[in-house]
$ cat data_7.txt   # compact mmCIF, N, CA and C atoms
# COMPACT_ATOMS: atom_id res chain seq x y z
N MET A 1 10.88 17.34 -5.93
CA MET A 1 10.74 15.91 -5.97
C MET A 1 9.34 15.55 -6.45
N LYS A 2 9.22 14.44 -7.10
CA LYS A 2 7.93 13.96 -7.57
C LYS A 2 7.16 13.34 -6.42
N LYS A 3 5.85 13.29 -6.55
CA LYS A 3 5.00 12.67 -5.55
C LYS A 3 4.61 11.27 -5.99
N ILE A 4 4.33 10.41 -5.01
CA ILE A 4 3.83 9.07 -5.26
C ILE A 4 2.35 9.05 -4.92
N PHE A 5 1.56 8.43 -5.78
CA PHE A 5 0.14 8.29 -5.54
C PHE A 5 -0.22 6.82 -5.45
N PHE A 6 -1.29 6.52 -4.72
CA PHE A 6 -1.78 5.16 -4.58
C PHE A 6 -3.10 5.02 -5.30
N LEU A 7 -3.30 3.91 -5.95
CA LEU A 7 -4.59 3.52 -6.47
C LEU A 7 -4.94 2.25 -5.71
N LEU A 8 -5.92 2.34 -4.83
CA LEU A 8 -6.26 1.22 -3.96
C LEU A 8 -7.55 0.56 -4.41
N VAL A 9 -7.55 -0.75 -4.32
CA VAL A 9 -8.75 -1.54 -4.56
C VAL A 9 -8.87 -2.48 -3.37
N ALA A 10 -9.94 -2.36 -2.61
CA ALA A 10 -10.11 -3.20 -1.43
C ALA A 10 -11.50 -3.85 -1.49
N PRO A 11 -11.57 -5.15 -1.27
CA PRO A 11 -12.87 -5.81 -1.29
C PRO A 11 -13.72 -5.39 -0.10
N ALA A 12 -15.02 -5.48 -0.26
CA ALA A 12 -15.92 -5.19 0.86
C ALA A 12 -15.69 -6.20 1.98
N VAL A 13 -15.76 -5.73 3.20
CA VAL A 13 -15.54 -6.59 4.35
C VAL A 13 -16.88 -7.09 4.86
N LEU A 14 -17.01 -8.39 4.98
CA LEU A 14 -18.21 -8.98 5.53
C LEU A 14 -18.06 -9.09 7.03
N LEU A 15 -19.16 -9.01 7.77
CA LEU A 15 -19.08 -9.05 9.22
C LEU A 15 -18.43 -10.31 9.77
N ALA A 16 -18.56 -11.42 9.07
CA ALA A 16 -18.01 -12.69 9.56
C ALA A 16 -16.53 -12.85 9.24
N GLN A 17 -15.98 -11.97 8.43
CA GLN A 17 -14.56 -12.10 8.06
C GLN A 17 -13.67 -11.61 9.19
N SER A 18 -12.53 -12.29 9.35
CA SER A 18 -11.56 -11.84 10.34
C SER A 18 -10.28 -11.34 9.68
N THR A 19 -10.17 -11.49 8.35
CA THR A 19 -9.02 -10.96 7.61
C THR A 19 -9.50 -10.28 6.33
N GLY A 20 -8.63 -9.47 5.78
CA GLY A 20 -8.93 -8.79 4.54
C GLY A 20 -7.65 -8.61 3.74
N THR A 21 -7.77 -8.06 2.55
CA THR A 21 -6.63 -7.86 1.66
C THR A 21 -6.61 -6.41 1.19
N ILE A 22 -5.43 -5.84 1.14
CA ILE A 22 -5.25 -4.51 0.55
C ILE A 22 -4.38 -4.70 -0.68
N VAL A 23 -4.88 -4.26 -1.83
CA VAL A 23 -4.12 -4.31 -3.08
C VAL A 23 -4.15 -2.92 -3.70
N GLY A 24 -3.17 -2.61 -4.50
CA GLY A 24 -3.16 -1.31 -5.15
C GLY A 24 -2.01 -1.17 -6.12
N THR A 25 -1.86 0.03 -6.65
CA THR A 25 -0.80 0.36 -7.59
C THR A 25 -0.14 1.66 -7.16
N VAL A 26 1.17 1.70 -7.23
CA VAL A 26 1.91 2.92 -6.91
C VAL A 26 2.20 3.63 -8.23
N GLU A 27 1.77 4.91 -8.32
CA GLU A 27 1.95 5.70 -9.53
C GLU A 27 2.55 7.05 -9.19
N ASP A 28 3.21 7.67 -10.17
CA ASP A 28 3.67 9.04 -9.99
C ASP A 28 2.56 10.00 -10.39
N SER A 29 2.82 11.29 -10.27
CA SER A 29 1.77 12.29 -10.53
C SER A 29 1.30 12.31 -11.98
N SER A 30 2.08 11.74 -12.90
CA SER A 30 1.66 11.70 -14.31
C SER A 30 0.94 10.40 -14.66
N GLY A 31 0.78 9.50 -13.66
CA GLY A 31 0.10 8.23 -13.90
C GLY A 31 1.02 7.09 -14.26
N GLY A 32 2.33 7.34 -14.33
CA GLY A 32 3.29 6.27 -14.61
C GLY A 32 3.46 5.38 -13.39
N VAL A 33 3.53 4.08 -13.61
CA VAL A 33 3.68 3.15 -12.49
C VAL A 33 5.11 3.19 -11.97
N ILE A 34 5.27 2.91 -10.68
CA ILE A 34 6.58 2.93 -10.05
C ILE A 34 6.94 1.52 -9.62
N GLN A 35 7.89 0.94 -10.30
CA GLN A 35 8.39 -0.40 -9.99
C GLN A 35 9.38 -0.30 -8.84
N GLY A 36 9.32 -1.25 -7.91
CA GLY A 36 10.30 -1.32 -6.83
C GLY A 36 10.08 -0.33 -5.71
N ALA A 37 8.89 0.25 -5.60
CA ALA A 37 8.60 1.15 -4.49
C ALA A 37 8.43 0.33 -3.20
N ALA A 38 8.99 0.83 -2.12
CA ALA A 38 8.82 0.19 -0.81
C ALA A 38 7.46 0.60 -0.26
N VAL A 39 6.59 -0.37 -0.02
CA VAL A 39 5.24 -0.10 0.46
C VAL A 39 5.08 -0.74 1.84
N LYS A 40 4.53 0.04 2.76
CA LYS A 40 4.35 -0.45 4.13
C LYS A 40 2.91 -0.17 4.55
N VAL A 41 2.31 -1.12 5.26
CA VAL A 41 0.97 -0.95 5.81
C VAL A 41 1.09 -1.08 7.34
N ILE A 42 0.45 -0.16 8.06
CA ILE A 42 0.55 -0.12 9.52
C ILE A 42 -0.86 -0.16 10.11
N ASN A 43 -1.10 -1.14 10.98
CA ASN A 43 -2.39 -1.24 11.67
C ASN A 43 -2.45 -0.11 12.68
N GLN A 44 -3.45 0.75 12.59
CA GLN A 44 -3.57 1.91 13.45
C GLN A 44 -3.84 1.55 14.91
N SER A 45 -4.46 0.42 15.18
CA SER A 45 -4.78 0.02 16.55
C SER A 45 -3.64 -0.70 17.24
N THR A 46 -2.91 -1.54 16.49
CA THR A 46 -1.89 -2.40 17.11
C THR A 46 -0.46 -1.99 16.77
N ALA A 47 -0.28 -1.09 15.81
CA ALA A 47 1.02 -0.66 15.29
C ALA A 47 1.77 -1.79 14.57
N GLN A 48 1.10 -2.92 14.31
CA GLN A 48 1.72 -4.01 13.56
C GLN A 48 1.95 -3.54 12.12
N GLN A 49 3.14 -3.88 11.57
CA GLN A 49 3.52 -3.44 10.23
C GLN A 49 3.82 -4.61 9.33
N SER A 50 3.52 -4.43 8.05
CA SER A 50 3.92 -5.37 7.00
C SER A 50 4.49 -4.55 5.86
N SER A 51 5.49 -5.12 5.18
CA SER A 51 6.14 -4.41 4.08
C SER A 51 6.21 -5.29 2.84
N THR A 52 6.25 -4.64 1.69
CA THR A 52 6.44 -5.32 0.41
C THR A 52 7.06 -4.33 -0.56
N VAL A 53 7.31 -4.78 -1.78
CA VAL A 53 7.86 -3.94 -2.84
C VAL A 53 6.94 -4.07 -4.05
N SER A 54 6.65 -2.94 -4.71
CA SER A 54 5.78 -2.98 -5.88
C SER A 54 6.47 -3.74 -7.02
N ASP A 55 5.65 -4.46 -7.80
CA ASP A 55 6.19 -5.26 -8.90
C ASP A 55 6.44 -4.41 -10.15
N THR A 56 6.73 -5.04 -11.28
CA THR A 56 7.06 -4.32 -12.51
C THR A 56 5.91 -3.47 -13.04
N ALA A 57 4.69 -3.77 -12.62
CA ALA A 57 3.52 -2.99 -13.02
C ALA A 57 3.10 -2.02 -11.91
N GLY A 58 3.95 -1.86 -10.88
CA GLY A 58 3.64 -0.95 -9.78
C GLY A 58 2.66 -1.51 -8.76
N ARG A 59 2.28 -2.77 -8.90
CA ARG A 59 1.26 -3.37 -8.03
C ARG A 59 1.86 -3.86 -6.71
N PHE A 60 1.02 -3.81 -5.68
CA PHE A 60 1.38 -4.40 -4.38
C PHE A 60 0.18 -5.11 -3.82
N ASN A 61 0.43 -6.03 -2.86
CA ASN A 61 -0.64 -6.87 -2.31
C ASN A 61 -0.29 -7.21 -0.87
N PHE A 62 -1.23 -6.95 0.03
CA PHE A 62 -1.11 -7.35 1.43
C PHE A 62 -2.28 -8.29 1.74
N PRO A 63 -2.08 -9.60 1.60
CA PRO A 63 -3.17 -10.55 1.85
C PRO A 63 -3.30 -10.89 3.34
N ARG A 64 -4.45 -11.36 3.72
CA ARG A 64 -4.73 -11.91 5.05
C ARG A 64 -4.35 -10.99 6.19
N LEU A 65 -4.72 -9.71 6.08
CA LEU A 65 -4.50 -8.76 7.17
C LEU A 65 -5.68 -8.84 8.13
N PRO A 66 -5.44 -8.74 9.44
CA PRO A 66 -6.55 -8.66 10.38
C PRO A 66 -7.41 -7.43 10.04
N VAL A 67 -8.71 -7.55 10.15
CA VAL A 67 -9.60 -6.44 9.85
C VAL A 67 -9.28 -5.28 10.79
N GLY A 68 -9.21 -4.07 10.27
CA GLY A 68 -8.90 -2.90 11.08
C GLY A 68 -8.64 -1.68 10.21
N ASP A 69 -8.22 -0.61 10.85
CA ASP A 69 -7.85 0.62 10.15
C ASP A 69 -6.36 0.61 9.90
N TYR A 70 -5.96 0.90 8.66
CA TYR A 70 -4.56 0.84 8.27
C TYR A 70 -4.10 2.15 7.64
N ARG A 71 -2.82 2.45 7.82
CA ARG A 71 -2.16 3.56 7.14
C ARG A 71 -1.18 2.95 6.14
N LEU A 72 -1.16 3.46 4.92
CA LEU A 72 -0.22 3.00 3.89
C LEU A 72 0.84 4.05 3.67
N GLU A 73 2.08 3.60 3.49
CA GLU A 73 3.19 4.48 3.15
C GLU A 73 3.94 3.86 1.98
N ALA A 74 4.45 4.73 1.10
CA ALA A 74 5.25 4.24 -0.02
C ALA A 74 6.40 5.20 -0.25
N GLY A 75 7.51 4.66 -0.68
CA GLY A 75 8.66 5.48 -0.97
C GLY A 75 9.52 4.85 -2.04
N HIS A 76 10.24 5.69 -2.75
CA HIS A 76 11.17 5.24 -3.78
C HIS A 76 12.20 6.34 -3.97
N GLN A 77 13.43 5.95 -4.27
CA GLN A 77 14.48 6.94 -4.48
C GLN A 77 14.07 7.93 -5.55
N GLY A 78 14.22 9.21 -5.27
CA GLY A 78 13.86 10.26 -6.23
C GLY A 78 12.44 10.75 -6.08
N PHE A 79 11.67 10.15 -5.16
CA PHE A 79 10.29 10.54 -4.93
C PHE A 79 10.11 10.88 -3.45
N ARG A 80 9.19 11.77 -3.18
CA ARG A 80 8.83 12.09 -1.82
C ARG A 80 7.97 10.95 -1.26
N GLN A 81 8.25 10.53 -0.01
CA GLN A 81 7.43 9.46 0.59
C GLN A 81 6.00 9.95 0.74
N SER A 82 5.09 9.04 0.52
CA SER A 82 3.67 9.38 0.59
C SER A 82 2.95 8.39 1.47

$ encode --input "data_7.txt" --output "structure tokens"
Amino acid sequence: MKKIFFLLVAPAVLLAQSTGTIVGTVEDSSGGVIQGAAVKVINQSTAQQSSTVSDTAGRFNFPRLPVGDYRLEAGHQGFRQS
């Protein structure tokens, strides 16, 4: 099975901020974008989860998340979950 890779871009968090955004792109091992990948973000402290699906360019966006440590997961048929 092919692997899924993440390219993450996250803005710097300022001390006064109470929310942040996680954005990125889901790609395969050859660098091709994966459209329609199920992407989930899980807050490590609270176990709160949010889900989305990557767009036609493989992009995903989780806006206005409470500041914290998060785990990202992505999956798509024919690929190993990452």

$ atom_distance --input "data_7.txt" --atom1 "atom CA of A:Ala47" --atom2 "atom N of A:Ile34"
26.6 Å

$ residues_near_point --input "data_7.txt" --point "(4.5, 1.4, 8.4)" --cutoff "6.5 Å" --atoms "all atoms listed in the file" --output "PyMOL selection string"
chain A and resi 40-42+49-50+71+73

$ closest_residue --input "data_7.txt" --among "A:Gln44, A:Gln35, A:Thr25, A:Gln81" --to "A:Asn61" --atoms "only C-alpha atoms"
A:Thr25

$ atom_distance --input "data_7.txt" --atom1 "atom CA of A:Val33" --atom2 "atom CA of A:Gln48"
27.1 Å

$ closest_residue --input "data_7.txt" --among "A:Gly31, A:Gly24, A:Gly36, A:Gly68" --to "A:Thr52" --atoms "only N, CA and C atoms"
A:Gly36

$ closest_residue --input "data_7.txt" --among "A:Asp69, A:Ser54, A:Pro63, A:Gly78" --to "A:Thr21" --atoms "all atoms listed in the file"
A:Pro63

$ atom_distance --input "data_7.txt" --atom1 "atom CA of A:Thr19" --atom2 "atom N of A:Ser51"
15.8 Å

$ decode --input "data_7.txt" --residues "stretch 28-53 of chain A" --atoms "N, CA and C atoms" --output "short mmCIF file (atom, residue, chain, number, x, y, z; two decimals), in the first residue's frame"
data_model
loop_
_atom_site.label_atom_id
_atom_site.label_comp_id
_atom_site.auth_asym_id
_atom_site.auth_seq_id
_atom_site.Cartn_x
_atom_site.Cartn_y
_atom_site.Cartn_z
N ASP A 28 0.98 11.78 -1.59
CA ASP A 28 1.51 10.41 -1.55
C ASP A 28 3.03 10.47 -1.57
N SER A 29 3.67 9.31 -1.52
CA SER A 29 5.13 9.27 -1.41
C SER A 29 5.85 9.85 -2.63
N SER A 30 5.15 9.98 -3.76
CA SER A 30 5.77 10.57 -4.96
C SER A 30 5.52 12.07 -5.06
N GLY A 31 4.79 12.64 -4.08
CA GLY A 31 4.50 14.07 -4.10
C GLY A 31 3.18 14.43 -4.75
N GLY A 32 2.44 13.44 -5.23
CA GLY A 32 1.13 13.71 -5.83
C GLY A 32 0.11 14.01 -4.74
N VAL A 33 -0.73 14.99 -4.98
CA VAL A 33 -1.74 15.36 -3.98
C VAL A 33 -2.86 14.33 -3.96
N ILE A 34 -3.48 14.18 -2.80
CA ILE A 34 -4.56 13.22 -2.62
C ILE A 34 -5.85 13.97 -2.35
N GLN A 35 -6.73 13.94 -3.31
CA GLN A 35 -8.05 14.58 -3.19
C GLN A 35 -8.98 13.65 -2.43
N GLY A 36 -9.79 14.21 -1.54
CA GLY A 36 -10.80 13.43 -0.85
C GLY A 36 -10.29 12.58 0.30
N ALA A 37 -9.09 12.87 0.80
CA ALA A 37 -8.56 12.14 1.96
C ALA A 37 -9.30 12.59 3.21
N ALA A 38 -9.65 11.64 4.06
CA ALA A 38 -10.28 11.97 5.34
C ALA A 38 -9.18 12.38 6.31
N VAL A 39 -9.27 13.61 6.82
CA VAL A 39 -8.25 14.14 7.71
C VAL A 39 -8.91 14.44 9.06
N LYS A 40 -8.24 14.01 10.13
CA LYS A 40 -8.77 14.20 11.47
C LYS A 40 -7.67 14.80 12.34
N VAL A 41 -8.06 15.75 13.20
CA VAL A 41 -7.14 16.34 14.16
C VAL A 41 -7.69 16.04 15.56
N ILE A 42 -6.81 15.60 16.46
CA ILE A 42 -7.23 15.21 17.81
C ILE A 42 -6.40 15.99 18.82
N ASN A 43 -7.09 16.70 19.72
CA ASN A 43 -6.42 17.44 20.79
C ASN A 43 -5.89 16.41 21.78
N GLN A 44 -4.59 16.41 22.03
CA GLN A 44 -3.96 15.42 22.89
C GLN A 44 -4.37 15.56 24.36
N SER A 45 -4.74 16.75 24.80
CA SER A 45 -5.12 16.96 26.20
C SER A 45 -6.58 16.65 26.47
N THR A 46 -7.46 16.98 25.51
CA THR A 46 -8.90 16.86 25.75
C THR A 46 -9.57 15.73 24.97
N ALA A 47 -8.86 15.15 24.01
CA ALA A 47 -9.37 14.11 23.10
C ALA A 47 -10.46 14.65 22.17
N GLN A 48 -10.67 15.97 22.13
CA GLN A 48 -11.63 16.57 21.21
C GLN A 48 -11.13 16.37 19.78
N GLN A 49 -12.05 15.99 18.86
CA GLN A 49 -11.69 15.70 17.48
C GLN A 49 -12.45 16.58 16.51
N SER A 50 -11.79 16.90 15.40
CA SER A 50 -12.43 17.58 14.28
C SER A 50 -12.02 16.84 13.02
N SER A 51 -12.92 16.79 12.04
CA SER A 51 -12.64 16.08 10.79
C SER A 51 -12.95 16.95 9.60
N THR A 52 -12.26 16.68 8.50
CA THR A 52 -12.52 17.34 7.23
C THR A 52 -12.07 16.41 6.11
N VAL A 53 -12.23 16.84 4.87
CA VAL A 53 -11.81 16.09 3.70
C VAL A 53 -10.93 17.01 2.86
#
